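Trainee: Just one file: my_file-v2.cif, with mmCIF, C-alpha atoms.
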```
data_input
#
loop_
_atom_site.label_atom_id
_atom_site.label_comp_id
_atom_site.auth_asym_id
_atom_site.auth_seq_id
_atom_site.Cartn_x
_atom_site.Cartn_y
_atom_site.Cartn_z
CA MET A 1 17.95 -8.69 -1.84
CA TYR A 2 15.98 -11.89 -1.83
CA SER A 3 15.68 -13.76 -5.09
CA MET A 4 12.37 -13.71 -6.88
CA SER A 5 13.24 -16.79 -8.93
CA SER A 6 10.62 -19.36 -9.78
CA GLU A 7 11.64 -21.76 -7.02
CA TYR A 8 10.11 -19.35 -4.48
CA VAL A 9 6.86 -18.67 -6.34
CA VAL A 10 3.75 -19.97 -4.62
CA PRO A 11 0.98 -21.32 -6.91
CA MET A 12 -1.96 -18.95 -7.29
CA GLN A 13 -4.35 -21.30 -5.54
CA ALA A 14 -2.12 -21.17 -2.44
CA ILE A 15 -2.04 -17.41 -1.83
CA LYS A 16 -5.62 -16.75 -0.79
CA GLY A 17 -5.68 -14.51 2.26
CA ARG A 18 -2.10 -13.33 1.86
CA GLY A 19 -0.57 -10.35 0.14
CA ALA A 20 2.74 -11.65 -1.20
CA ALA A 21 3.10 -14.60 -3.54
CA SER A 22 6.72 -15.51 -2.80
CA ARG A 23 8.84 -16.54 0.22
CA LEU A 24 11.88 -18.42 1.36
CA PRO A 25 10.99 -22.00 2.38
CA HIS A 26 9.99 -22.21 6.05
CA ARG A 27 7.79 -24.41 8.17
CA PHE A 28 4.81 -23.14 10.14
CA THR A 29 2.53 -24.58 12.77
CA CYS A 30 -1.24 -24.16 12.79
CA GLU A 31 -2.68 -21.41 14.98
CA GLU A 32 -6.33 -20.88 15.86
CA ARG A 33 -7.99 -17.65 16.91
CA ALA A 34 -11.45 -16.67 18.00
CA ALA A 35 -13.66 -15.04 15.39
CA PHE A 36 -13.41 -11.24 15.15
CA ASP A 37 -15.56 -8.71 13.33
CA ASP A 38 -13.32 -7.29 10.62
CA GLY A 39 -16.21 -6.87 8.22
CA TRP A 40 -15.36 -9.82 5.98
CA ASN A 41 -17.55 -12.49 7.63
CA SER A 42 -14.81 -15.05 7.05
CA GLU A 43 -14.21 -17.45 9.91
CA SER A 44 -11.98 -19.65 7.80
CA ASP A 45 -9.34 -16.93 7.51
CA GLU A 46 -9.44 -16.27 11.25
CA LYS A 47 -8.92 -19.90 12.15
CA GLY A 48 -6.22 -20.42 9.59
CA ASN A 49 -8.06 -23.27 7.85
CA ASP A 50 -8.20 -21.47 4.52
CA ALA A 51 -4.69 -19.98 4.57
CA PRO A 52 -1.73 -22.11 3.46
CA PHE A 53 0.76 -20.28 5.67
CA ALA A 54 -0.14 -19.92 9.33
CA THR A 55 1.11 -17.01 11.41
CA GLU A 56 4.02 -17.55 13.78
CA ILE A 57 4.76 -15.14 16.64
CA PHE A 58 8.27 -14.52 17.95
CA PHE A 59 9.04 -12.46 21.04
CA GLU A 60 11.88 -10.03 21.59
CA ASP A 61 12.94 -7.70 24.37
CA ALA A 62 13.39 -4.26 22.87
CA LYS A 63 16.39 -2.27 24.01
CA SER A 64 14.61 0.91 23.05
CA ALA A 65 10.96 1.72 22.41
CA LEU A 66 11.31 5.16 20.85
CA SER A 67 12.39 5.63 17.26
CA VAL A 68 13.56 9.14 16.44
CA ASN A 69 12.40 10.61 13.14
CA ASP A 70 14.81 12.88 11.31
CA SER A 71 12.95 12.82 7.99
CA PRO A 72 11.67 16.32 7.12
CA ASP A 73 8.66 14.93 5.23
CA ILE A 74 7.20 13.12 8.26
CA HIS A 75 5.19 15.22 10.70
CA PHE A 76 6.05 13.55 13.99
CA ASP A 77 9.25 13.37 15.99
CA HIS A 78 9.04 9.99 17.73
CA SER A 79 7.36 6.70 16.92
CA VAL A 80 6.58 3.53 18.85
CA ASN A 81 6.04 0.24 17.03
CA PRO A 82 5.08 -2.74 19.21
CA TYR A 83 5.51 -5.20 16.31
CA ARG A 84 7.88 -6.02 13.45
CA GLY A 85 6.12 -7.45 10.44
CA CYS A 86 2.39 -7.21 9.88
CA GLU A 87 -0.22 -9.89 9.33
CA HIS A 88 -2.43 -7.53 7.34
CA GLY A 89 -0.27 -8.45 4.36
CA CYS A 90 -0.63 -5.16 2.46
CA ILE A 91 1.45 -5.73 -0.64
CA TYR A 92 2.55 -2.08 -0.85
CA CYS A 93 3.87 -1.83 2.73
CA TYR A 94 7.09 0.20 2.74
CA ALA A 95 8.15 -1.55 5.97
CA ARG A 96 8.54 -4.95 4.28
CA PRO A 97 12.31 -4.53 3.67
CA THR A 98 12.92 -4.30 7.43
CA HIS A 99 12.45 -8.07 7.64
CA SER A 100 15.54 -8.47 5.48
CA TYR A 101 17.63 -7.21 8.40
CA LEU A 102 16.22 -10.08 10.46
CA ASN A 103 17.34 -12.61 7.81
CA MET A 104 13.69 -13.15 6.85
CA SER A 105 11.83 -12.66 3.59
CA PRO A 106 10.09 -9.31 3.06
CA GLY A 107 7.46 -11.35 1.21
CA LEU A 108 5.47 -13.99 3.06
CA ASP A 109 7.78 -14.00 6.10
CA PHE A 110 6.89 -10.34 6.72
CA GLU A 111 3.22 -11.21 7.06
CA THR A 112 3.54 -14.65 8.69
CA LYS A 113 6.53 -14.23 11.04
CA ILE A 114 5.57 -11.47 13.45
CA ILE A 115 8.01 -10.21 16.08
CA ALA A 116 6.30 -8.88 19.19
CA LYS A 117 8.23 -6.54 21.48
CA ARG A 118 6.86 -7.98 24.70
CA ASN A 119 8.55 -5.37 26.94
CA ILE A 120 7.58 -2.37 24.81
CA ALA A 121 5.67 -0.55 27.57
CA THR A 122 8.40 -1.18 30.14
CA ALA A 123 11.10 0.04 27.77
CA LEU A 124 9.05 3.11 26.91
CA ARG A 125 8.43 3.89 30.57
CA SER A 126 12.18 3.85 31.16
CA GLU A 127 12.81 6.26 28.29
CA LEU A 128 10.03 8.65 29.28
CA GLY A 129 11.43 8.68 32.81
CA LYS A 130 14.89 9.92 31.83
CA ARG A 131 15.75 13.39 33.08
CA SER A 132 16.77 14.39 29.57
CA TYR A 133 13.47 13.38 27.95
CA ARG A 134 11.32 16.13 26.50
CA PRO A 135 7.86 15.30 25.07
CA LYS A 136 7.53 15.62 21.31
CA LEU A 137 4.96 14.56 18.73
CA LEU A 138 4.69 10.78 19.04
CA ASN A 139 2.97 8.35 16.70
CA ILE A 140 2.06 4.74 17.50
CA GLY A 141 2.15 2.29 14.60
CA SER A 142 3.98 4.31 11.96
CA ALA A 143 5.86 1.30 10.51
CA THR A 144 3.58 -1.70 11.04
CA ASP A 145 -0.02 -1.69 12.20
CA CYS A 146 -0.27 -1.51 15.99
CA TYR A 147 -3.72 -3.19 15.84
CA GLN A 148 -2.86 -6.13 13.62
CA PRO A 149 -4.63 -9.40 14.61
CA VAL A 150 -2.12 -10.57 17.25
CA GLU A 151 -2.76 -7.40 19.26
CA ARG A 152 -6.09 -8.86 20.30
CA GLU A 153 -4.20 -11.44 22.32
CA LEU A 154 -0.97 -9.68 23.35
CA ARG A 155 -2.41 -6.21 24.10
CA LEU A 156 0.98 -4.53 23.70
CA THR A 157 -0.51 -1.45 22.05
CA ARG A 158 -3.03 -1.10 24.85
CA ALA A 159 -0.18 -1.23 27.38
CA VAL A 160 1.55 1.61 25.53
CA ILE A 161 -1.64 3.70 25.51
CA GLU A 162 -2.13 3.05 29.21
CA LEU A 163 1.34 4.47 29.77
CA MET A 164 0.46 7.48 27.60
CA ARG A 165 -2.60 8.01 29.77
CA ASP A 166 -0.67 7.67 33.03
CA THR A 167 1.98 10.17 31.92
CA HIS A 168 -0.45 12.47 30.06
CA HIS A 169 1.70 12.16 26.97
CA ALA A 170 0.02 13.24 23.71
CA PHE A 171 0.05 10.77 20.84
CA SER A 172 -1.49 9.93 17.50
CA LEU A 173 -1.91 6.52 15.95
CA VAL A 174 -2.66 5.20 12.49
CA THR A 175 -4.35 1.90 11.72
CA LYS A 176 -6.52 0.09 9.19
CA SER A 177 -7.98 -2.19 11.85
CA SER A 178 -11.29 -2.05 13.67
CA GLY A 179 -9.40 -3.32 16.72
CA VAL A 180 -8.79 0.25 17.84
CA GLU A 181 -12.42 0.34 19.01
CA ARG A 182 -11.39 -1.84 21.95
CA ASP A 183 -9.35 1.02 23.39
CA VAL A 184 -11.92 3.80 23.01
CA ASP A 185 -12.21 3.86 26.80
CA LEU A 186 -8.59 5.03 27.04
CA ILE A 187 -8.34 7.18 23.92
CA ALA A 188 -11.57 9.12 24.43
CA GLY A 189 -10.51 10.32 27.87
CA MET A 190 -7.21 11.54 26.50
CA ALA A 191 -8.82 13.13 23.44
CA GLU A 192 -11.05 15.17 25.75
CA LYS A 193 -7.84 16.75 27.10
CA ASN A 194 -6.36 17.24 23.63
CA LEU A 195 -3.92 14.37 24.07
CA ALA A 196 -4.92 11.91 21.33
CA ALA A 197 -5.92 11.62 17.68
CA VAL A 198 -6.53 8.59 15.43
CA TYR A 199 -6.07 8.19 11.68
CA ILE A 200 -7.80 5.38 9.80
CA THR A 201 -6.33 4.26 6.48
CA ILE A 202 -8.80 3.63 3.67
CA THR A 203 -7.17 3.14 0.29
CA THR A 204 -10.35 2.23 -1.59
CA LEU A 205 -14.04 1.55 -0.97
CA ARG A 206 -14.02 -1.39 -3.37
CA PRO A 207 -14.06 -4.62 -1.32
CA ASP A 208 -12.80 -6.73 -4.23
CA VAL A 209 -9.67 -4.60 -4.52
CA ALA A 210 -9.15 -4.21 -0.76
CA ARG A 211 -9.40 -7.97 -0.22
CA ILE A 212 -6.35 -8.66 -2.39
CA LEU A 213 -4.49 -5.41 -1.70
CA GLU A 214 -4.78 -5.58 2.12
CA PRO A 215 -5.93 -9.18 2.62
CA ARG A 216 -6.12 -9.34 6.43
CA ALA A 217 -7.05 -5.76 7.22
CA ALA A 218 -10.63 -4.78 8.01
CA ALA A 219 -13.05 -4.37 5.12
CA PRO A 220 -13.54 -0.78 3.88
CA HIS A 221 -17.10 -0.51 5.21
CA ARG A 222 -15.86 -1.76 8.60
CA ARG A 223 -13.21 0.95 8.72
CA LEU A 224 -15.88 3.56 8.04
CA ARG A 225 -17.83 2.19 10.97
CA THR A 226 -14.69 2.52 13.09
CA ILE A 227 -14.37 6.19 12.09
CA ARG A 228 -17.99 6.70 13.12
CA THR A 229 -17.42 4.96 16.47
CA LEU A 230 -14.34 7.03 17.29
CA ALA A 231 -15.90 10.31 16.20
CA SER A 232 -19.01 9.59 18.27
CA ALA A 233 -16.76 9.13 21.29
CA GLY A 234 -15.30 12.61 20.79
CA ILE A 235 -11.98 11.43 19.36
CA PRO A 236 -10.47 13.53 16.55
CA VAL A 237 -10.36 11.21 13.52
CA GLY A 238 -8.56 11.63 10.23
CA VAL A 239 -8.52 9.46 7.13
CA SER A 240 -5.37 8.40 5.31
CA LEU A 241 -5.72 7.58 1.60
CA THR A 242 -2.25 6.05 1.58
CA PRO A 243 -1.08 4.93 -0.85
CA HIS A 244 -2.68 6.20 -4.01
CA ILE A 245 -1.98 3.52 -6.64
CA PRO A 246 -2.58 4.54 -10.28
CA PHE A 247 -5.33 2.55 -12.02
CA ILE A 248 -5.92 0.48 -8.82
CA THR A 249 -7.22 2.83 -6.08
CA GLU A 250 -8.90 5.46 -8.22
CA ASP A 251 -11.94 6.23 -6.02
CA MET A 252 -10.25 8.99 -4.01
CA GLU A 253 -13.30 11.28 -4.06
CA GLY A 254 -15.57 8.46 -2.93
CA VAL A 255 -13.31 7.58 -0.01
CA LEU A 256 -13.14 11.19 1.13
CA GLY A 257 -16.91 11.60 0.91
CA ALA A 258 -17.63 8.43 2.87
CA ALA A 259 -15.01 9.28 5.51
CA TRP A 260 -16.46 12.77 5.95
CA ASP A 261 -19.95 11.37 6.40
CA ALA A 262 -18.58 8.95 9.01
CA GLY A 263 -17.02 11.78 11.03
CA ALA A 264 -13.42 12.21 9.83
CA ARG A 265 -12.37 15.86 9.67
CA SER A 266 -8.76 15.66 8.49
CA ALA A 267 -7.30 13.81 5.52
CA PHE A 268 -4.01 13.17 3.75
CA TYR A 269 -2.56 10.92 1.08
CA HIS A 270 0.77 9.67 -0.29
CA VAL A 271 1.47 8.05 -3.61
CA LEU A 272 2.77 4.49 -3.89
CA ARG A 273 6.31 3.94 -2.58
CA LEU A 274 8.32 0.94 -3.77
CA PRO A 275 11.65 0.88 -1.89
CA TRP A 276 14.02 -2.07 -2.12
CA GLU A 277 12.22 -5.44 -2.19
CA VAL A 278 8.77 -3.86 -2.27
CA SER A 279 9.22 -3.17 -5.97
CA PRO A 280 9.63 -6.78 -7.20
CA LEU A 281 6.95 -7.98 -4.76
CA PHE A 282 4.48 -5.39 -6.02
CA ARG A 283 5.32 -6.16 -9.65
CA GLN A 284 4.64 -9.85 -8.99
CA TRP A 285 1.35 -8.98 -7.28
CA LEU A 286 0.31 -6.95 -10.32
CA GLN A 287 1.02 -9.86 -12.65
CA VAL A 288 -1.04 -12.20 -10.47
CA HIS A 289 -4.05 -9.95 -9.87
CA PHE A 290 -4.02 -7.25 -12.58
CA PRO A 291 -2.06 -8.58 -15.58
CA ASP A 292 -4.23 -6.48 -17.91
CA ARG A 293 -2.98 -3.20 -16.48
CA ALA A 294 0.36 -4.08 -14.85
CA SER A 295 2.48 -2.26 -17.42
CA ARG A 296 0.26 0.84 -17.26
CA VAL A 297 0.46 0.97 -13.46
CA MET A 298 4.25 0.76 -13.43
CA ALA A 299 4.58 3.26 -16.27
CA ARG A 300 2.54 5.81 -14.30
CA VAL A 301 4.51 5.08 -11.11
CA GLN A 302 7.77 5.68 -12.95
CA GLU A 303 6.46 8.89 -14.49
CA MET A 304 5.96 10.19 -10.93
CA ARG A 305 9.39 8.91 -9.84
CA GLY A 306 11.68 10.36 -12.49
CA GLY A 307 11.68 7.19 -14.58
CA LYS A 308 12.46 4.87 -11.65
CA ASP A 309 10.34 2.57 -9.51
CA TYR A 310 11.28 4.65 -6.46
CA ASP A 311 13.12 7.83 -5.57
CA SER A 312 13.99 8.39 -1.90
CA ASN A 313 14.36 12.16 -2.27
CA PHE A 314 12.67 13.72 0.77
CA ALA A 315 11.18 16.45 -1.42
CA THR A 316 9.23 14.03 -3.61
CA ARG A 317 9.07 10.56 -2.07
CA MET A 318 5.64 11.02 -0.48
CA LYS A 319 3.83 12.83 -3.30
CA GLY A 320 5.95 12.10 -6.37
CA ALA A 321 6.81 14.67 -9.03
CA GLY A 322 5.71 15.69 -12.49
CA VAL A 323 2.41 16.16 -14.30
CA TRP A 324 0.60 13.08 -12.97
CA SER A 325 1.67 13.78 -9.40
CA GLU A 326 0.27 17.30 -9.72
CA LEU A 327 -3.02 15.98 -11.10
CA VAL A 328 -3.39 13.63 -8.12
CA ARG A 329 -2.64 16.53 -5.77
CA GLN A 330 -5.30 18.66 -7.43
CA ARG A 331 -7.88 15.86 -7.28
CA PHE A 332 -7.27 15.40 -3.58
CA GLN A 333 -7.22 19.10 -2.76
CA LYS A 334 -10.42 19.91 -4.65
CA ALA A 335 -12.34 17.04 -3.06
CA ALA A 336 -10.99 17.79 0.43
CA ASP A 337 -11.79 21.51 0.13
CA ARG A 338 -15.28 20.84 -1.19
CA LEU A 339 -16.08 18.57 1.75
CA GLY A 340 -14.44 20.72 4.41
CA PHE A 341 -11.42 18.62 5.39
CA ASN A 342 -8.35 20.12 7.12
CA LYS A 343 -10.00 23.43 7.98
CA GLN A 344 -8.47 23.43 11.43
CA ARG A 345 -5.03 22.07 12.26
CA LEU A 346 -5.05 19.78 15.29
CA GLU A 347 -2.33 20.68 17.77
CA LEU A 348 -1.96 18.08 20.51
CA ASP A 349 -0.94 19.42 23.92
CA LEU A 350 2.60 18.40 24.86
CA LEU A 351 2.73 20.51 28.00
CA GLN A 352 0.65 18.15 30.16
CA PHE A 353 3.34 15.46 30.23
CA VAL A 354 4.27 14.17 33.69
CA PRO A 355 7.26 11.77 33.91
CA PRO A 356 6.55 8.20 35.10
CA GLY A 357 6.48 7.97 38.86
CA ASP A 358 5.91 11.70 39.39
CA SER A 359 3.53 12.36 42.26
CA ARG A 360 1.51 14.78 40.10
CA GLN A 361 0.15 11.99 37.92
CA SER A 362 -2.79 10.97 40.08
CA SER A 363 -3.97 14.56 40.49
CA LEU A 364 -4.54 15.15 36.77
CA PHE A 365 -7.30 12.53 36.27
#
```
As structure tokens - that is how I would like this structure written.

Mentor:
Amino acid sequence: MYSMSSEYVVPMQAIKGRGAASRLPHRFTCEERAAFDDGWNSESDEKGNDAPFATEIFFEDAKSALSVNDSPDIHFDHSVNPYRGCEHGCIYCYARPTHSYLNMSPGLDFETKIIAKRNIATALRSELGKRSYRPKLLNIGSATDCYQPVERELRLTRAVIELMRDTHHAFSLVTKSSGVERDVDLIAGMAEKNLAAVYITITTLRPDVARILEPRAAAPHRRLRTIRTLASAGIPVGVSLTPHIPFITEDMEGVLGAAWDAGARSAFYHVLRLPWEVSPLFRQWLQVHFPDRASRVMARVQEMRGGKDYDSNFATRMKGAGVWSELVRQRFQKAADRLGFNKQRLELDLLQFVPPGDSRQSSLF
């Protein structure tokens, strides 16, 4: 585990626009990007002028595109992640520890050193074309956001969706970026044939909290507009209130109400997960941004985790356990039922799949 000693601590005035406040010493080059409507009206962040640590992109050739899920508490069988690391910088991201396996920091390196799998669509095509392949529930972007800022330039996620379209392979995706609107032309056509669904993550409606919790993701009101855009295009849209953080994201009912009004018709939540290095990073973030309630937040987290920061038990890791976990569950369920969420379970059609190169492909569209 990486040290959190004082030699790695970045001064408070140098962490604007980033989630973590610690890193191993590295050198970065300046990168400029065109302005993009993420709802924050902040060109300085886009161009990198206001951020002390610029983003660096590395490329890799993936040996495999499909990750197989064998966790009983996750409701999809396969996942595709075009990127490692995520520039959104969400401090709570459970994928941060994966950067440790790359000999990089799960702190600032995770959100400033992005690995792009440049051959992701080619690798996926090869796997879908194997005689042994059978279509199963597939999610795009389950580990890191498939529409993080660099996707605007590299278009790796779009290439994956184009392959899904060509093979009539059903998929879902989850994002907290308005960038998904770019691909409505592809997703809407598939949704019409019951082949696609999108889930937008909104942890809070409070822009002041979202700006430091998820510093480079779209603003909450912008995500609501994205839900409205997708729903208007006939795409099934759900809202993810993940994670619920005690004393930080306490407007669950407000998020559900706003998402329903925007057109979302399914909803789910998980409570905060702090595996491995995420725990010390989150604790540091609390001390920087919420020192007045840091001890209360962690005490409540531990009450839901059997006295620990995290418990990986499949039975409880997503929702927690105990009295406070049950109260959160009841809050969510009552609000969701009152609004009408989750009345019908969406079952994507896996039977339309046609392997890559099959002559039947062109006849289905």

Trainee: When the PyMOL selection byres ((chain A and resi 142) around 9) is applied to the structure above, which residues does it catch, written out as a ChimeraX atom specification?

Mentor: /A:79-81,139-141,143-146,173-175

Trainee: Given the file shown, determine the residues that the PyMOL selection byres ((chain A and resi 179) around 10) selects; report them as a ChimeraX atom specification.

Mentor: /A:36-38,146-149,151-152,175-178,180-184,218,223,226

Trainee: List every protein, DNA or RNA residue that has an atom no more than 6 Å from (1.6, -18.7, 11.6) in the file's coordinate frame, counting only C-alpha atoms, and report them as a list in words.

Mentor: Phe28, Ala54, Thr55, Glu56 and Thr112 of chain A

Trainee: One number please: atom CA of A:Arg96 to atom CA of A:Pro275, in Å, one decimal.

Mentor: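 Atom CA of A:Arg96 sits 9.0 Å away from atom CA of A:Pro275.
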
Trainee: At a cut-off of 12 Å around the point (17.5, -3.0, -4.5) (file coordinates), what residues fall inside when counting all atoms listed in the file? I'd like the answer as a CSV table (one decimal) with C-alpha atoms, in the coordinates of the input.

Mentor:
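After the write, selection-v4.csv holds the following:
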```csv
chain,number,residue,atom,x,y,z
A,1,MET,CA,18.0,-8.7,-1.8
A,2,TYR,CA,16.0,-11.9,-1.8
A,3,SER,CA,15.7,-13.8,-5.1
A,97,PRO,CA,12.3,-4.5,3.7
A,100,SER,CA,15.5,-8.5,5.5
A,274,LEU,CA,8.3,0.9,-3.8
A,275,PRO,CA,11.6,0.9,-1.9
A,276,TRP,CA,14.0,-2.1,-2.1
A,277,GLU,CA,12.2,-5.4,-2.2
A,278,VAL,CA,8.8,-3.9,-2.3
A,279,SER,CA,9.2,-3.2,-6.0
A,280,PRO,CA,9.6,-6.8,-7.2
A,281,LEU,CA,7.0,-8.0,-4.8
A,308,LYS,CA,12.5,4.9,-11.6
A,309,ASP,CA,10.3,2.6,-9.5
A,310,TYR,CA,11.3,4.6,-6.5
A,311,ASP,CA,13.1,7.8,-5.6
```

Trainee: Taking the file as shown, what set of residues would the PyMOL selection byres ((chain A and resi 219-221) around 8) give back, as a short mmCIF file (atom, residue, chain, number, x, y, z; two decimals) with C-alpha atoms, in the frame of the given file?

Mentor:
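Produced file expr14.cif, reproduced below:
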```cif
data_model
loop_
_atom_site.label_atom_id
_atom_site.label_comp_id
_atom_site.auth_asym_id
_atom_site.auth_seq_id
_atom_site.Cartn_x
_atom_site.Cartn_y
_atom_site.Cartn_z
CA ASP A 38 -13.32 -7.29 10.62
CA GLY A 39 -16.21 -6.87 8.22
CA TRP A 40 -15.36 -9.82 5.98
CA ILE A 202 -8.80 3.63 3.67
CA THR A 204 -10.35 2.23 -1.59
CA LEU A 205 -14.04 1.55 -0.97
CA ARG A 206 -14.02 -1.39 -3.37
CA PRO A 207 -14.06 -4.62 -1.32
CA ALA A 210 -9.15 -4.21 -0.76
CA ARG A 211 -9.40 -7.97 -0.22
CA ALA A 217 -7.05 -5.76 7.22
CA ALA A 218 -10.63 -4.78 8.01
CA ARG A 222 -15.86 -1.76 8.60
CA ARG A 223 -13.21 0.95 8.72
CA LEU A 224 -15.88 3.56 8.04
CA ARG A 225 -17.83 2.19 10.97
#
```

Trainee: One number please: atom CA of A:Asp61 to atom CA of A:Leu102, in Å, one decimal.

Mentor: 14.5 Å

Trainee: Skipping near chain neighbours, those fewer than 4 positions away, what residues fall within 10 Å of A:Arg273 using all atoms listed in the file, listed as a ChimeraX atom specification?

Mentor: /A:92-94,242-245,278-279,301,305,309-312,317-320

Trainee: Could you check the closest approach to A:Leu350 for each of A:Tyr101, A:Phe268, A:Phe171, A:Phe53 and tell me which residue wins, using only C-alpha atoms?

Mentor: A:Phe171

Trainee: Between atom CA of A:Leu137 and atom CA of A:Leu230, what is the distance in Å, rounded to a tenth?

Mentor: 20.8 Å

Trainee: With a distance cut-off of 9 Å and all atoms listed in the file, select the neighbouring residues of stretch 343-347 of chain A, excluding the residue or stretch itself and same-chain residues fewer than 5 positions from it, and output the selection as a PyMOL selection string.

Mentor: chain A and resi 194+197+236+265-266+337

Trainee: Using only C-alpha atoms, pick whichever of A:Gly257, A:Glu250, A:Ala262, A:Glu162 has the shortest atom-to-atom distance to A:Ile227.

Mentor: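 Smallest separation from A:Ile227 among the options: A:Ala262.
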
Trainee: Let me make sure I understand: among A:Phe290, A:Phe58, A:Tyr269, A:Tyr133, which one has the smallest atom-to-atom distance to A:Val209 if we use only C-alpha atoms?

Mentor: A:Phe290

Trainee: Could you rebuild stretch 291-305 of chain A with N, CA and C atoms and give it back as a tab-separated table (two decimals), keeping the file's coordinate frame?

Mentor:
```tsv
chain	number	residue	atom	x	y	z
A	291	PRO	N	-2.98	-8.46	-14.43
A	291	PRO	CA	-2.06	-8.58	-15.58
A	291	PRO	C	-2.46	-7.67	-16.74
A	292	ASP	N	-3.75	-7.31	-16.80
A	292	ASP	CA	-4.23	-6.48	-17.91
A	292	ASP	C	-3.75	-5.05	-17.83
A	293	ARG	N	-3.39	-4.60	-16.63
A	293	ARG	CA	-2.98	-3.20	-16.48
A	293	ARG	C	-1.63	-3.04	-15.79
A	294	ALA	N	-0.90	-4.13	-15.58
A	294	ALA	CA	0.36	-4.08	-14.85
A	294	ALA	C	1.35	-3.09	-15.47
A	295	SER	N	1.51	-3.14	-16.77
A	295	SER	CA	2.48	-2.26	-17.42
A	295	SER	C	2.05	-0.80	-17.31
A	296	ARG	N	0.75	-0.54	-17.38
A	296	ARG	CA	0.26	0.84	-17.26
A	296	ARG	C	0.49	1.38	-15.85
A	297	VAL	N	0.25	0.54	-14.85
A	297	VAL	CA	0.46	0.97	-13.46
A	297	VAL	C	1.92	1.36	-13.25
A	298	MET	N	2.83	0.50	-13.66
A	298	MET	CA	4.25	0.76	-13.43
A	298	MET	C	4.74	1.95	-14.26
A	299	ALA	N	4.19	2.10	-15.46
A	299	ALA	CA	4.58	3.26	-16.27
A	299	ALA	C	4.20	4.56	-15.59
A	300	ARG	N	2.99	4.61	-15.00
A	300	ARG	CA	2.54	5.81	-14.30
A	300	ARG	C	3.36	6.04	-13.03
A	301	VAL	N	3.66	4.96	-12.30
A	301	VAL	CA	4.51	5.08	-11.11
A	301	VAL	C	5.86	5.68	-11.48
A	302	GLN	N	6.46	5.18	-12.53
A	302	GLN	CA	7.77	5.68	-12.95
A	302	GLN	C	7.71	7.12	-13.44
A	303	GLU	N	6.61	7.50	-14.06
A	303	GLU	CA	6.46	8.89	-14.49
A	303	GLU	C	6.47	9.83	-13.29
A	304	MET	N	5.97	9.36	-12.14
A	304	MET	CA	5.96	10.19	-10.93
A	304	MET	C	7.26	10.07	-10.14
A	305	ARG	N	8.15	9.17	-10.57
A	305	ARG	CA	9.39	8.91	-9.84
A	305	ARG	C	10.63	9.15	-10.70
```
